[in-house]
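Asks: File work19.txt below, compact mmCIF, N, CA and C atoms:
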# COMPACT_ATOMS: atom_id res chain seq x y z
N MET U 274 -108.60 -64.95 71.44
CA MET U 274 -108.67 -65.42 72.78
C MET U 274 -107.28 -65.29 73.41
N ARG U 275 -107.19 -64.73 74.59
CA ARG U 275 -105.93 -64.55 75.30
C ARG U 275 -105.72 -65.69 76.26
N ARG U 276 -104.48 -66.09 76.31
CA ARG U 276 -104.13 -67.13 77.29
C ARG U 276 -103.56 -66.48 78.52
N ARG U 277 -103.79 -67.05 79.60
CA ARG U 277 -103.25 -66.56 80.85
C ARG U 277 -101.99 -67.34 81.17
N HIS U 278 -101.03 -66.66 81.76
CA HIS U 278 -99.77 -67.31 82.14
C HIS U 278 -100.01 -68.17 83.37
N SER U 279 -99.70 -69.45 83.24
CA SER U 279 -99.95 -70.37 84.35
C SER U 279 -98.76 -70.52 85.28
N GLY U 280 -97.61 -69.91 84.92
CA GLY U 280 -96.44 -70.04 85.79
C GLY U 280 -95.58 -71.23 85.46
N ARG U 281 -95.95 -71.99 84.47
CA ARG U 281 -95.16 -73.18 84.13
C ARG U 281 -94.16 -72.91 83.00
N GLY U 282 -94.39 -72.01 82.15
CA GLY U 282 -93.51 -71.71 81.01
C GLY U 282 -92.51 -70.63 81.34
N PRO U 283 -91.63 -70.33 80.40
CA PRO U 283 -90.63 -69.28 80.64
C PRO U 283 -91.27 -67.91 80.73
N LEU U 284 -90.69 -67.10 81.56
CA LEU U 284 -91.19 -65.74 81.74
C LEU U 284 -90.67 -64.86 80.61
N SER U 285 -91.36 -63.81 80.33
CA SER U 285 -90.94 -62.92 79.28
C SER U 285 -89.64 -62.22 79.69
N GLY U 286 -88.64 -62.21 78.78
CA GLY U 286 -87.35 -61.60 79.08
C GLY U 286 -86.34 -62.55 79.70
N GLN U 287 -86.75 -63.72 80.12
CA GLN U 287 -85.83 -64.66 80.75
C GLN U 287 -84.76 -65.11 79.76
N GLY U 288 -85.15 -65.34 78.52
CA GLY U 288 -84.19 -65.77 77.49
C GLY U 288 -83.11 -64.72 77.25
N VAL U 289 -83.49 -63.46 77.29
CA VAL U 289 -82.53 -62.38 77.08
C VAL U 289 -81.51 -62.34 78.20
N VAL U 290 -81.96 -62.51 79.42
CA VAL U 290 -81.05 -62.49 80.58
C VAL U 290 -80.12 -63.70 80.53
N GLU U 291 -80.64 -64.88 80.22
CA GLU U 291 -79.80 -66.08 80.11
C GLU U 291 -78.78 -65.93 79.00
N PHE U 292 -79.21 -65.36 77.87
CA PHE U 292 -78.27 -65.14 76.77
C PHE U 292 -77.16 -64.19 77.19
N ALA U 293 -77.47 -63.16 77.94
CA ALA U 293 -76.46 -62.21 78.39
C ALA U 293 -75.40 -62.90 79.25
N PHE U 294 -75.83 -63.76 80.16
CA PHE U 294 -74.87 -64.47 81.01
C PHE U 294 -74.04 -65.47 80.21
N VAL U 295 -74.68 -66.23 79.36
CA VAL U 295 -73.99 -67.27 78.60
C VAL U 295 -73.07 -66.66 77.56
N SER U 296 -73.48 -65.57 76.92
CA SER U 296 -72.65 -64.97 75.88
C SER U 296 -71.34 -64.43 76.44
N ILE U 297 -71.35 -63.93 77.66
CA ILE U 297 -70.10 -63.45 78.28
C ILE U 297 -69.12 -64.60 78.44
N VAL U 298 -69.60 -65.72 78.92
CA VAL U 298 -68.74 -66.89 79.11
C VAL U 298 -68.22 -67.39 77.76
N VAL U 299 -69.07 -67.46 76.77
CA VAL U 299 -68.67 -67.93 75.44
C VAL U 299 -67.64 -66.96 74.84
N LEU U 300 -67.84 -65.68 75.00
CA LEU U 300 -66.89 -64.69 74.49
C LEU U 300 -65.53 -64.83 75.17
N LEU U 301 -65.51 -64.99 76.48
CA LEU U 301 -64.25 -65.16 77.20
C LEU U 301 -63.52 -66.42 76.74
N LEU U 302 -64.26 -67.51 76.58
CA LEU U 302 -63.64 -68.75 76.10
C LEU U 302 -63.10 -68.59 74.69
N SER U 303 -63.82 -67.91 73.83
CA SER U 303 -63.37 -67.71 72.45
C SER U 303 -62.08 -66.90 72.39
N VAL U 304 -62.04 -65.81 73.13
CA VAL U 304 -60.83 -64.97 73.15
C VAL U 304 -59.66 -65.75 73.75
N GLY U 305 -59.93 -66.54 74.79
CA GLY U 305 -58.87 -67.35 75.40
C GLY U 305 -58.33 -68.39 74.44
N ILE U 306 -59.18 -69.02 73.68
CA ILE U 306 -58.74 -70.03 72.71
C ILE U 306 -57.94 -69.38 71.60
N ILE U 307 -58.36 -68.22 71.15
CA ILE U 307 -57.60 -67.51 70.11
C ILE U 307 -56.22 -67.13 70.63
N ASP U 308 -56.14 -66.60 71.85
CA ASP U 308 -54.84 -66.25 72.43
C ASP U 308 -53.96 -67.47 72.62
N LEU U 309 -54.54 -68.57 73.05
CA LEU U 309 -53.76 -69.80 73.21
C LEU U 309 -53.20 -70.25 71.87
N GLY U 310 -54.00 -70.21 70.83
CA GLY U 310 -53.53 -70.58 69.50
C GLY U 310 -52.43 -69.67 69.01
N ARG U 311 -52.58 -68.36 69.22
CA ARG U 311 -51.53 -67.42 68.83
C ARG U 311 -50.24 -67.70 69.60
N GLY U 312 -50.38 -67.99 70.90
CA GLY U 312 -49.21 -68.27 71.73
C GLY U 312 -48.46 -69.51 71.28
N VAL U 313 -49.19 -70.56 70.95
CA VAL U 313 -48.55 -71.79 70.47
C VAL U 313 -47.85 -71.53 69.13
N TYR U 314 -48.49 -70.76 68.26
CA TYR U 314 -47.88 -70.43 66.97
C TYR U 314 -46.60 -69.62 67.16
N GLN U 315 -46.65 -68.61 68.03
CA GLN U 315 -45.46 -67.79 68.28
C GLN U 315 -44.33 -68.61 68.89
N ARG U 316 -44.68 -69.54 69.78
CA ARG U 316 -43.66 -70.41 70.38
C ARG U 316 -43.00 -71.29 69.32
N GLN U 317 -43.79 -71.80 68.39
CA GLN U 317 -43.23 -72.62 67.32
C GLN U 317 -42.33 -71.79 66.41
N MET U 318 -42.73 -70.55 66.15
CA MET U 318 -41.89 -69.66 65.35
C MET U 318 -40.56 -69.38 66.07
N LEU U 319 -40.61 -69.20 67.39
CA LEU U 319 -39.39 -68.97 68.17
C LEU U 319 -38.50 -70.21 68.14
N THR U 320 -39.09 -71.39 68.26
CA THR U 320 -38.32 -72.63 68.19
C THR U 320 -37.62 -72.75 66.84
N ASN U 321 -38.32 -72.44 65.76
CA ASN U 321 -37.72 -72.51 64.42
C ASN U 321 -36.58 -71.50 64.27
N ALA U 322 -36.78 -70.29 64.81
CA ALA U 322 -35.73 -69.26 64.72
C ALA U 322 -34.47 -69.71 65.45
N VAL U 323 -34.62 -70.28 66.63
CA VAL U 323 -33.45 -70.73 67.40
C VAL U 323 -32.77 -71.91 66.70
N ARG U 324 -33.56 -72.81 66.16
CA ARG U 324 -32.99 -73.96 65.46
C ARG U 324 -32.16 -73.51 64.25
N GLU U 325 -32.67 -72.56 63.50
CA GLU U 325 -31.92 -72.06 62.34
C GLU U 325 -30.70 -71.27 62.76
N ALA U 326 -30.80 -70.51 63.85
CA ALA U 326 -29.63 -69.78 64.35
C ALA U 326 -28.54 -70.75 64.79
N ALA U 327 -28.93 -71.84 65.46
CA ALA U 327 -27.95 -72.84 65.89
C ALA U 327 -27.33 -73.55 64.68
N ARG U 328 -28.14 -73.79 63.67
CA ARG U 328 -27.62 -74.43 62.45
C ARG U 328 -26.58 -73.54 61.79
N ALA U 329 -26.87 -72.24 61.69
CA ALA U 329 -25.90 -71.29 61.12
C ALA U 329 -24.67 -71.21 62.00
N GLY U 330 -24.85 -71.28 63.31
CA GLY U 330 -23.72 -71.22 64.23
C GLY U 330 -22.85 -72.46 64.19
N SER U 331 -23.42 -73.59 63.83
CA SER U 331 -22.59 -74.80 63.75
C SER U 331 -21.59 -74.71 62.60
N LEU U 332 -21.89 -73.87 61.60
CA LEU U 332 -20.98 -73.69 60.48
C LEU U 332 -20.00 -72.53 60.69
N ALA U 333 -20.45 -71.49 61.40
CA ALA U 333 -19.61 -70.32 61.70
C ALA U 333 -19.80 -69.97 63.17
N PRO U 334 -19.13 -70.69 64.08
CA PRO U 334 -19.41 -70.55 65.51
C PRO U 334 -19.04 -69.21 66.13
N SER U 335 -18.16 -68.46 65.54
CA SER U 335 -17.76 -67.19 66.16
C SER U 335 -18.55 -66.00 65.61
N ASN U 336 -19.49 -66.24 64.71
CA ASN U 336 -20.24 -65.16 64.08
C ASN U 336 -21.65 -65.09 64.67
N SER U 337 -21.79 -64.40 65.79
CA SER U 337 -23.09 -64.28 66.45
C SER U 337 -24.10 -63.51 65.61
N ALA U 338 -23.61 -62.53 64.86
CA ALA U 338 -24.51 -61.72 64.03
C ALA U 338 -25.15 -62.57 62.94
N ALA U 339 -24.38 -63.50 62.37
CA ALA U 339 -24.93 -64.37 61.33
C ALA U 339 -25.97 -65.33 61.91
N MET U 340 -25.74 -65.76 63.14
CA MET U 340 -26.71 -66.64 63.79
C MET U 340 -28.03 -65.91 64.02
N ALA U 341 -27.94 -64.69 64.55
CA ALA U 341 -29.15 -63.91 64.79
C ALA U 341 -29.87 -63.59 63.48
N ALA U 342 -29.11 -63.30 62.43
CA ALA U 342 -29.72 -63.01 61.13
C ALA U 342 -30.45 -64.23 60.58
N ALA U 343 -29.88 -65.42 60.78
CA ALA U 343 -30.56 -66.65 60.33
C ALA U 343 -31.86 -66.85 61.08
N GLY U 344 -31.87 -66.58 62.36
CA GLY U 344 -33.10 -66.68 63.14
C GLY U 344 -34.13 -65.65 62.73
N GLN U 345 -33.68 -64.45 62.42
CA GLN U 345 -34.59 -63.39 61.99
C GLN U 345 -35.22 -63.72 60.64
N ARG U 346 -34.44 -64.28 59.73
CA ARG U 346 -34.97 -64.65 58.41
C ARG U 346 -36.02 -65.74 58.52
N THR U 347 -35.82 -66.67 59.45
CA THR U 347 -36.76 -67.78 59.60
C THR U 347 -38.09 -67.33 60.16
N SER U 348 -38.08 -66.41 61.09
CA SER U 348 -39.32 -65.95 61.74
C SER U 348 -39.38 -64.43 61.76
N PRO U 349 -39.59 -63.80 60.60
CA PRO U 349 -39.57 -62.34 60.55
C PRO U 349 -40.72 -61.68 61.31
N THR U 350 -41.83 -62.37 61.50
CA THR U 350 -42.98 -61.75 62.18
C THR U 350 -42.76 -61.56 63.67
N LEU U 351 -41.77 -62.24 64.24
CA LEU U 351 -41.49 -62.07 65.67
C LEU U 351 -40.77 -60.76 65.97
N GLY U 352 -40.07 -60.22 65.00
CA GLY U 352 -39.33 -58.98 65.22
C GLY U 352 -38.13 -59.17 66.13
N LEU U 353 -37.47 -60.31 66.03
CA LEU U 353 -36.30 -60.58 66.86
C LEU U 353 -35.12 -59.72 66.43
N THR U 354 -34.31 -59.32 67.40
CA THR U 354 -33.08 -58.58 67.12
C THR U 354 -31.92 -59.38 67.71
N THR U 355 -30.72 -58.90 67.48
CA THR U 355 -29.55 -59.60 68.02
C THR U 355 -29.58 -59.61 69.54
N SER U 356 -30.25 -58.65 70.16
CA SER U 356 -30.31 -58.62 71.64
C SER U 356 -31.21 -59.73 72.19
N ASN U 357 -32.06 -60.33 71.36
CA ASN U 357 -32.90 -61.44 71.81
C ASN U 357 -32.12 -62.74 71.92
N PHE U 358 -30.98 -62.83 71.25
CA PHE U 358 -30.20 -64.07 71.18
C PHE U 358 -29.01 -64.03 72.14
N THR U 359 -28.75 -65.17 72.78
CA THR U 359 -27.52 -65.35 73.54
C THR U 359 -26.86 -66.63 73.04
N VAL U 360 -25.54 -66.56 72.91
CA VAL U 360 -24.79 -67.70 72.36
C VAL U 360 -23.65 -68.02 73.32
N THR U 361 -23.51 -69.30 73.67
CA THR U 361 -22.39 -69.74 74.50
C THR U 361 -21.75 -70.97 73.86
N CYS U 362 -20.49 -71.11 74.10
CA CYS U 362 -19.75 -72.27 73.61
C CYS U 362 -19.26 -73.08 74.81
N SER U 363 -19.10 -74.35 74.58
CA SER U 363 -18.55 -75.21 75.62
C SER U 363 -17.82 -76.38 74.98
N ASN U 364 -16.98 -77.02 75.77
CA ASN U 364 -16.21 -78.16 75.28
C ASN U 364 -16.31 -79.27 76.31
N TRP U 365 -16.50 -80.48 75.83
CA TRP U 365 -16.58 -81.64 76.72
C TRP U 365 -15.18 -82.20 76.94
N ASP U 366 -14.81 -82.30 78.20
CA ASP U 366 -13.49 -82.83 78.57
C ASP U 366 -13.69 -84.24 79.10
N ASP U 367 -13.22 -85.25 78.36
CA ASP U 367 -13.37 -86.64 78.77
C ASP U 367 -12.62 -86.95 80.06
N SER U 368 -11.48 -86.34 80.26
CA SER U 368 -10.67 -86.68 81.42
C SER U 368 -11.35 -86.25 82.73
N ASN U 369 -12.04 -85.11 82.71
CA ASN U 369 -12.71 -84.62 83.91
C ASN U 369 -14.22 -84.84 83.89
N SER U 370 -14.74 -85.24 82.75
CA SER U 370 -16.19 -85.40 82.55
C SER U 370 -16.96 -84.13 82.90
N VAL U 371 -16.47 -83.00 82.39
CA VAL U 371 -17.14 -81.71 82.63
C VAL U 371 -17.18 -80.90 81.33
N TYR U 372 -18.14 -80.00 81.30
CA TYR U 372 -18.20 -79.02 80.22
C TYR U 372 -17.44 -77.78 80.66
N THR U 373 -16.66 -77.22 79.75
CA THR U 373 -15.97 -75.97 80.00
C THR U 373 -16.56 -74.93 79.08
N ALA U 374 -17.16 -73.89 79.64
CA ALA U 374 -17.76 -72.83 78.83
C ALA U 374 -16.72 -71.75 78.53
N TYR U 375 -16.83 -71.15 77.35
CA TYR U 375 -15.93 -70.07 76.99
C TYR U 375 -16.62 -69.14 76.00
N SER U 376 -15.96 -68.06 75.68
CA SER U 376 -16.52 -67.01 74.83
C SER U 376 -16.77 -67.52 73.42
N THR U 377 -17.75 -66.95 72.76
CA THR U 377 -18.03 -67.36 71.38
C THR U 377 -16.90 -66.97 70.44
N ALA U 378 -16.10 -65.97 70.81
CA ALA U 378 -14.96 -65.62 69.98
C ALA U 378 -13.94 -66.76 69.94
N ASN U 379 -13.95 -67.60 70.98
CA ASN U 379 -13.03 -68.73 71.03
C ASN U 379 -13.64 -70.03 70.53
N CYS U 380 -14.86 -69.96 70.04
CA CYS U 380 -15.46 -71.17 69.46
C CYS U 380 -14.64 -71.59 68.26
N SER U 381 -14.41 -72.84 68.15
CA SER U 381 -13.55 -73.31 67.06
C SER U 381 -14.13 -74.56 66.43
N SER U 382 -14.02 -74.62 65.14
CA SER U 382 -14.44 -75.83 64.45
C SER U 382 -13.28 -76.81 64.36
N SER U 383 -12.10 -76.42 64.86
CA SER U 383 -10.95 -77.31 64.79
C SER U 383 -10.87 -78.23 66.02
N ARG U 384 -11.46 -77.81 67.15
CA ARG U 384 -11.46 -78.64 68.35
C ARG U 384 -12.60 -79.64 68.26
N SER U 385 -12.34 -80.84 68.70
CA SER U 385 -13.42 -81.81 68.73
C SER U 385 -14.24 -81.63 70.00
N ARG U 386 -15.48 -82.02 69.92
CA ARG U 386 -16.43 -81.96 71.03
C ARG U 386 -16.73 -80.55 71.51
N ASP U 387 -16.72 -79.60 70.61
CA ASP U 387 -17.18 -78.25 70.93
C ASP U 387 -18.68 -78.19 70.68
N TYR U 388 -19.39 -77.56 71.62
CA TYR U 388 -20.84 -77.43 71.52
C TYR U 388 -21.22 -75.96 71.53
N LEU U 389 -22.25 -75.66 70.81
CA LEU U 389 -22.77 -74.31 70.72
C LEU U 389 -24.19 -74.29 71.25
N LYS U 390 -24.46 -73.39 72.18
CA LYS U 390 -25.82 -73.26 72.73
C LYS U 390 -26.36 -71.90 72.34
N VAL U 391 -27.46 -71.91 71.60
CA VAL U 391 -28.10 -70.68 71.15
C VAL U 391 -29.45 -70.58 71.86
N CYS U 392 -29.69 -69.46 72.52
CA CYS U 392 -30.97 -69.22 73.20
C CYS U 392 -31.56 -67.91 72.68
N ALA U 393 -32.87 -67.84 72.70
CA ALA U 393 -33.56 -66.60 72.33
C ALA U 393 -34.74 -66.41 73.28
N ASN U 394 -34.98 -65.16 73.62
CA ASN U 394 -36.15 -64.84 74.43
C ASN U 394 -37.09 -63.96 73.63
N TYR U 395 -38.37 -64.07 73.94
CA TYR U 395 -39.40 -63.33 73.22
C TYR U 395 -40.54 -63.04 74.18
N THR U 396 -41.10 -61.87 74.07
CA THR U 396 -42.23 -61.49 74.92
C THR U 396 -43.49 -61.47 74.06
N PHE U 397 -44.42 -62.35 74.41
CA PHE U 397 -45.67 -62.49 73.67
C PHE U 397 -46.74 -61.63 74.34
N GLY U 398 -47.35 -60.75 73.57
CA GLY U 398 -48.40 -59.88 74.10
C GLY U 398 -49.78 -60.50 73.89
N LEU U 399 -50.57 -60.56 74.95
CA LEU U 399 -51.90 -61.15 74.86
C LEU U 399 -52.89 -60.17 74.23
N THR U 400 -53.93 -60.71 73.62
CA THR U 400 -54.94 -59.88 72.96
C THR U 400 -55.79 -59.13 73.97
N ALA U 401 -56.27 -59.81 74.96
CA ALA U 401 -57.16 -59.20 75.95
C ALA U 401 -56.60 -59.39 77.35
N PRO U 402 -55.60 -58.58 77.73
CA PRO U 402 -54.93 -58.79 79.02
C PRO U 402 -55.84 -58.58 80.23
N ARG U 403 -56.86 -57.77 80.10
CA ARG U 403 -57.73 -57.51 81.25
C ARG U 403 -58.60 -58.71 81.60
N LEU U 404 -58.79 -59.61 80.66
CA LEU U 404 -59.65 -60.76 80.91
C LEU U 404 -58.99 -61.77 81.85
N ILE U 405 -57.67 -61.94 81.72
CA ILE U 405 -57.02 -62.95 82.55
C ILE U 405 -55.99 -62.36 83.51
N GLY U 406 -55.71 -61.07 83.40
CA GLY U 406 -54.81 -60.44 84.35
C GLY U 406 -53.35 -60.42 83.94
N TRP U 407 -53.00 -61.00 82.80
CA TRP U 407 -51.62 -60.98 82.30
C TRP U 407 -51.58 -60.11 81.06
N LYS U 408 -50.51 -59.34 80.94
CA LYS U 408 -50.32 -58.54 79.73
C LYS U 408 -49.41 -59.24 78.74
N THR U 409 -48.38 -59.91 79.28
CA THR U 409 -47.41 -60.58 78.40
C THR U 409 -47.02 -61.94 78.98
N VAL U 410 -46.47 -62.75 78.12
CA VAL U 410 -45.93 -64.04 78.52
C VAL U 410 -44.51 -64.11 77.96
N SER U 411 -43.52 -64.36 78.82
CA SER U 411 -42.13 -64.48 78.38
C SER U 411 -41.86 -65.89 77.89
N MET U 412 -41.23 -65.97 76.73
CA MET U 412 -40.87 -67.26 76.15
C MET U 412 -39.36 -67.31 76.00
N ASN U 413 -38.77 -68.46 76.29
CA ASN U 413 -37.34 -68.67 76.14
C ASN U 413 -37.12 -70.03 75.51
N GLU U 414 -36.32 -70.07 74.49
CA GLU U 414 -36.07 -71.32 73.77
C GLU U 414 -34.56 -71.46 73.55
N CYS U 415 -34.03 -72.66 73.73
CA CYS U 415 -32.60 -72.92 73.53
C CYS U 415 -32.41 -74.14 72.63
N ASN U 416 -31.27 -74.16 71.95
CA ASN U 416 -30.90 -75.29 71.11
C ASN U 416 -29.40 -75.49 71.24
N VAL U 417 -29.00 -76.72 71.45
CA VAL U 417 -27.57 -77.05 71.55
C VAL U 417 -27.20 -77.88 70.35
N THR U 418 -26.09 -77.52 69.73
CA THR U 418 -25.64 -78.25 68.55
C THR U 418 -24.12 -78.41 68.61
N THR U 419 -23.62 -79.38 67.90
CA THR U 419 -22.16 -79.55 67.81
C THR U 419 -21.63 -78.67 66.69
N ILE U 420 -20.42 -78.23 66.86
CA ILE U 420 -19.79 -77.40 65.84
C ILE U 420 -19.23 -78.31 64.77
N GLN U 421 -19.57 -78.00 63.52
CA GLN U 421 -19.12 -78.81 62.38
C GLN U 421 -17.65 -78.59 62.12
N HIS U 422 -16.93 -79.66 61.93
CA HIS U 422 -15.50 -79.57 61.66
C HIS U 422 -15.27 -79.51 60.16
N HIS U 423 -14.36 -78.63 59.77
CA HIS U 423 -14.09 -78.45 58.34
C HIS U 423 -12.98 -79.37 57.91
Hey, can you dump this file as C-alpha cells for me?
Replies:
Amino acid sequence: MRRRHSGRGPLSGQGVVEFAFVSIVVLLLSVGIIDLGRGVYQRQMLTNAVREAARAGSLAPSNSAAMAAAGQRTSPTLGLTTSNFTVTCSNWDDSNSVYTAYSTANCSSSRSRDYLKVCANYTFGLTAPRLIGWKTVSMNECNVTTIQHH
C-alpha cells in the first residue's frame, strides 16, 4: 500500500540541502578554531623565545648573536633568525627620572640599573586565508630584564 504525501512531513531532498548549508558553516568554524589554536601556540612559542633571549642577554648584554641563538634554540619550529630580534639597552637615571637608551655594544654589567629590552617579530601564516580574508598575522613580543652584575 502506498502512502500519499500530505504536506506535513519533510520533502524528499530537504535533508540534503539543509546538510549542505550547515556543513559549510561547521567546516568554516572548525578551520577557524584550528587556526586560532595554532596562532595561540605560535604566540606562546614566540613569548618563550623572547624570554630566553632576554635571559641570555642579561648575562652577556653585548652579545646579540647569543641572545638570538638562545631564542632560536627555545622555539626552533618558528624559524626565527637574528633579523627577527631587536635589542636595546637603557639606563635609569635617578637624578632626572628618565631612561637613557644606548647601543647594545655599550651595554654593561658593571653599571647599576642597566636594562635590556629584547623584542622579536614573527609572521604567522593562516591555514585558509581565503575564508577570512587575511593571509598572515604579524606578532611582536618584547621582554625587559635587568642586566646581571658580575
Asks: Would you work out the distance separating atom CA of Ala343 of chain U from atom CA of Phe397 of chain U, expressed in Å to one decimal?
Replies: 20.6 Å
Asks: From the set U:Ala401, U:Ala322, U:Cys392, U:Val298, which residue has the shortest atom-to-atom contact distance to Val417 of chain U, counting all atoms listed in the file?
Replies: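 Residue with the minimum atom-to-atom distance to Val417 of chain U: U:Cys392.
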Asks: As an exercise, work out the distance from atom CA of Thr359 of chain U to atom CA of Lys390 of chain U in Å and give it to one decimal place.
Replies: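 Interatomic distance, atom CA of Thr359 of chain U to atom CA of Lys390 of chain U: 8.1 Å.
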Asks: In Å, with one decimal, what is the gap from atom C of Ala326 of chain U to atom C of Leu309 of chain U?
Replies: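 Separation between atom C of Ala326 of chain U and atom C of Leu309 of chain U: 25.7 Å.
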Asks: Quick one: residues within 8 Å of Pro349 of chain U, only N, CA and C atoms, excluding same-chain residues fewer than 4 positions away - as a ChimeraX atom specification?
Replies: /U:318,322,344-345,353
Asks: Taking N, CA and C atoms for each residue, export the selection above as a PDB file, in the coordinates of the input.
Replies:
ATOM      1  N   MET U 318     -42.730 -70.550  66.150  1.00  0.00           N
ATOM      2  CA  MET U 318     -41.890 -69.660  65.350  1.00  0.00           C
ATOM      3  C   MET U 318     -40.560 -69.380  66.070  1.00  0.00           C
ATOM      4  N   ALA U 322     -36.780 -70.290  64.810  1.00  0.00           N
ATOM      5  CA  ALA U 322     -35.730 -69.260  64.720  1.00  0.00           C
ATOM      6  C   ALA U 322     -34.470 -69.710  65.450  1.00  0.00           C
ATOM      7  N   GLY U 344     -31.870 -66.580  62.360  1.00  0.00           N
ATOM      8  CA  GLY U 344     -33.100 -66.680  63.140  1.00  0.00           C
ATOM      9  C   GLY U 344     -34.130 -65.650  62.730  1.00  0.00           C
ATOM     10  N   GLN U 345     -33.680 -64.450  62.420  1.00  0.00           N
ATOM     11  CA  GLN U 345     -34.590 -63.390  61.990  1.00  0.00           C
ATOM     12  C   GLN U 345     -35.220 -63.720  60.640  1.00  0.00           C
ATOM     13  N   LEU U 353     -37.470 -60.310  66.030  1.00  0.00           N
ATOM     14  CA  LEU U 353     -36.300 -60.580  66.860  1.00  0.00           C
ATOM     15  C   LEU U 353     -35.120 -59.720  66.430  1.00  0.00           C
TER      16      LEU U 353
END
Asks: Assign secondary structure with DSSP using the backbone only, and return the residues of segment 298-413 of chain U in alpha helix (DSSP H) as a ChimeraX atom specification.
Replies: /U:298-332,337-347,402-405
Asks: Taking only C-alpha atoms into account, name the residue in U:Gly330, U:Gly352, U:Gly406, U:Gly398 that is nearest to Cys380 of chain U.
Replies: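 Of all the options, U:Gly330 lies closest to Cys380 of chain U.
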Asks: Which one is closest to Ala341 of chain U: U:Thr409, U:Ser356, U:Asn394, U:Asn364? Count only C-alpha atoms.
Replies: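 Looking at the shortest contact to Ala341 of chain U, the residue is U:Ser356.
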Asks: Determine the nearest neighbour of Phe358 of chain U from the options U:Ala393, U:Leu302, U:Asn336, U:Val313, counting all atoms listed in the file.
Replies: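 Result for the nearest residue to Phe358 of chain U: U:Ala393.
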Asks: Assign secondary structure with DSSP using the backbone only, and return the residues of segment 288-401 of chain U in strand (DSSP E) as JSON, numbers by chain.
Replies: {"U": [358, 359, 360, 361, 362, 363, 364, 365, 366, 371, 372, 373, 374, 375, 387, 388, 389, 390, 391, 392, 393, 394, 395, 396, 397, 398]}
Asks: So that I have them on file, write out the residues from the current selection with N, CA and C atoms, as a compact mmCIF listing (two decimals), in the coordinates of the input.
Replies:
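Output file part.txt follows:
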# COMPACT_ATOMS: atom_id res chain seq x y z
N PHE U 358 -30.98 -62.83 71.25
CA PHE U 358 -30.20 -64.07 71.18
C PHE U 358 -29.01 -64.03 72.14
N THR U 359 -28.75 -65.17 72.78
CA THR U 359 -27.52 -65.35 73.54
C THR U 359 -26.86 -66.63 73.04
N VAL U 360 -25.54 -66.56 72.91
CA VAL U 360 -24.79 -67.70 72.36
C VAL U 360 -23.65 -68.02 73.32
N THR U 361 -23.51 -69.30 73.67
CA THR U 361 -22.39 -69.74 74.50
C THR U 361 -21.75 -70.97 73.86
N CYS U 362 -20.49 -71.11 74.10
CA CYS U 362 -19.75 -72.27 73.61
C CYS U 362 -19.26 -73.08 74.81
N SER U 363 -19.10 -74.35 74.58
CA SER U 363 -18.55 -75.21 75.62
C SER U 363 -17.82 -76.38 74.98
N ASN U 364 -16.98 -77.02 75.77
CA ASN U 364 -16.21 -78.16 75.28
C ASN U 364 -16.31 -79.27 76.31
N TRP U 365 -16.50 -80.48 75.83
CA TRP U 365 -16.58 -81.64 76.72
C TRP U 365 -15.18 -82.20 76.94
N ASP U 366 -14.81 -82.30 78.20
CA ASP U 366 -13.49 -82.83 78.57
C ASP U 366 -13.69 -84.24 79.10
N VAL U 371 -16.47 -83.00 82.39
CA VAL U 371 -17.14 -81.71 82.63
C VAL U 371 -17.18 -80.90 81.33
N TYR U 372 -18.14 -80.00 81.30
CA TYR U 372 -18.20 -79.02 80.22
C TYR U 372 -17.44 -77.78 80.66
N THR U 373 -16.66 -77.22 79.75
CA THR U 373 -15.97 -75.97 80.00
C THR U 373 -16.56 -74.93 79.08
N ALA U 374 -17.16 -73.89 79.64
CA ALA U 374 -17.76 -72.83 78.83
C ALA U 374 -16.72 -71.75 78.53
N TYR U 375 -16.83 -71.15 77.35
CA TYR U 375 -15.93 -70.07 76.99
C TYR U 375 -16.62 -69.14 76.00
N ASP U 387 -16.72 -79.60 70.61
CA ASP U 387 -17.18 -78.25 70.93
C ASP U 387 -18.68 -78.19 70.68
N TYR U 388 -19.39 -77.56 71.62
CA TYR U 388 -20.84 -77.43 71.52
C TYR U 388 -21.22 -75.96 71.53
N LEU U 389 -22.25 -75.66 70.81
CA LEU U 389 -22.77 -74.31 70.72
C LEU U 389 -24.19 -74.29 71.25
N LYS U 390 -24.46 -73.39 72.18
CA LYS U 390 -25.82 -73.26 72.73
C LYS U 390 -26.36 -71.90 72.34
N VAL U 391 -27.46 -71.91 71.60
CA VAL U 391 -28.10 -70.68 71.15
C VAL U 391 -29.45 -70.58 71.86
N CYS U 392 -29.69 -69.46 72.52
CA CYS U 392 -30.97 -69.22 73.20
C CYS U 392 -31.56 -67.91 72.68
N ALA U 393 -32.87 -67.84 72.70
CA ALA U 393 -33.56 -66.60 72.33
C ALA U 393 -34.74 -66.41 73.28
N ASN U 394 -34.98 -65.16 73.62
CA ASN U 394 -36.15 -64.84 74.43
C ASN U 394 -37.09 -63.96 73.63
N TYR U 395 -38.37 -64.07 73.94
CA TYR U 395 -39.40 -63.33 73.22
C TYR U 395 -40.54 -63.04 74.18
N THR U 396 -41.10 -61.87 74.07
CA THR U 396 -42.23 -61.49 74.92
C THR U 396 -43.49 -61.47 74.06
N PHE U 397 -44.42 -62.35 74.41
CA PHE U 397 -45.67 -62.49 73.67
C PHE U 397 -46.74 -61.63 74.34
N GLY U 398 -47.35 -60.75 73.57
CA GLY U 398 -48.40 -59.88 74.10
C GLY U 398 -49.78 -60.50 73.89
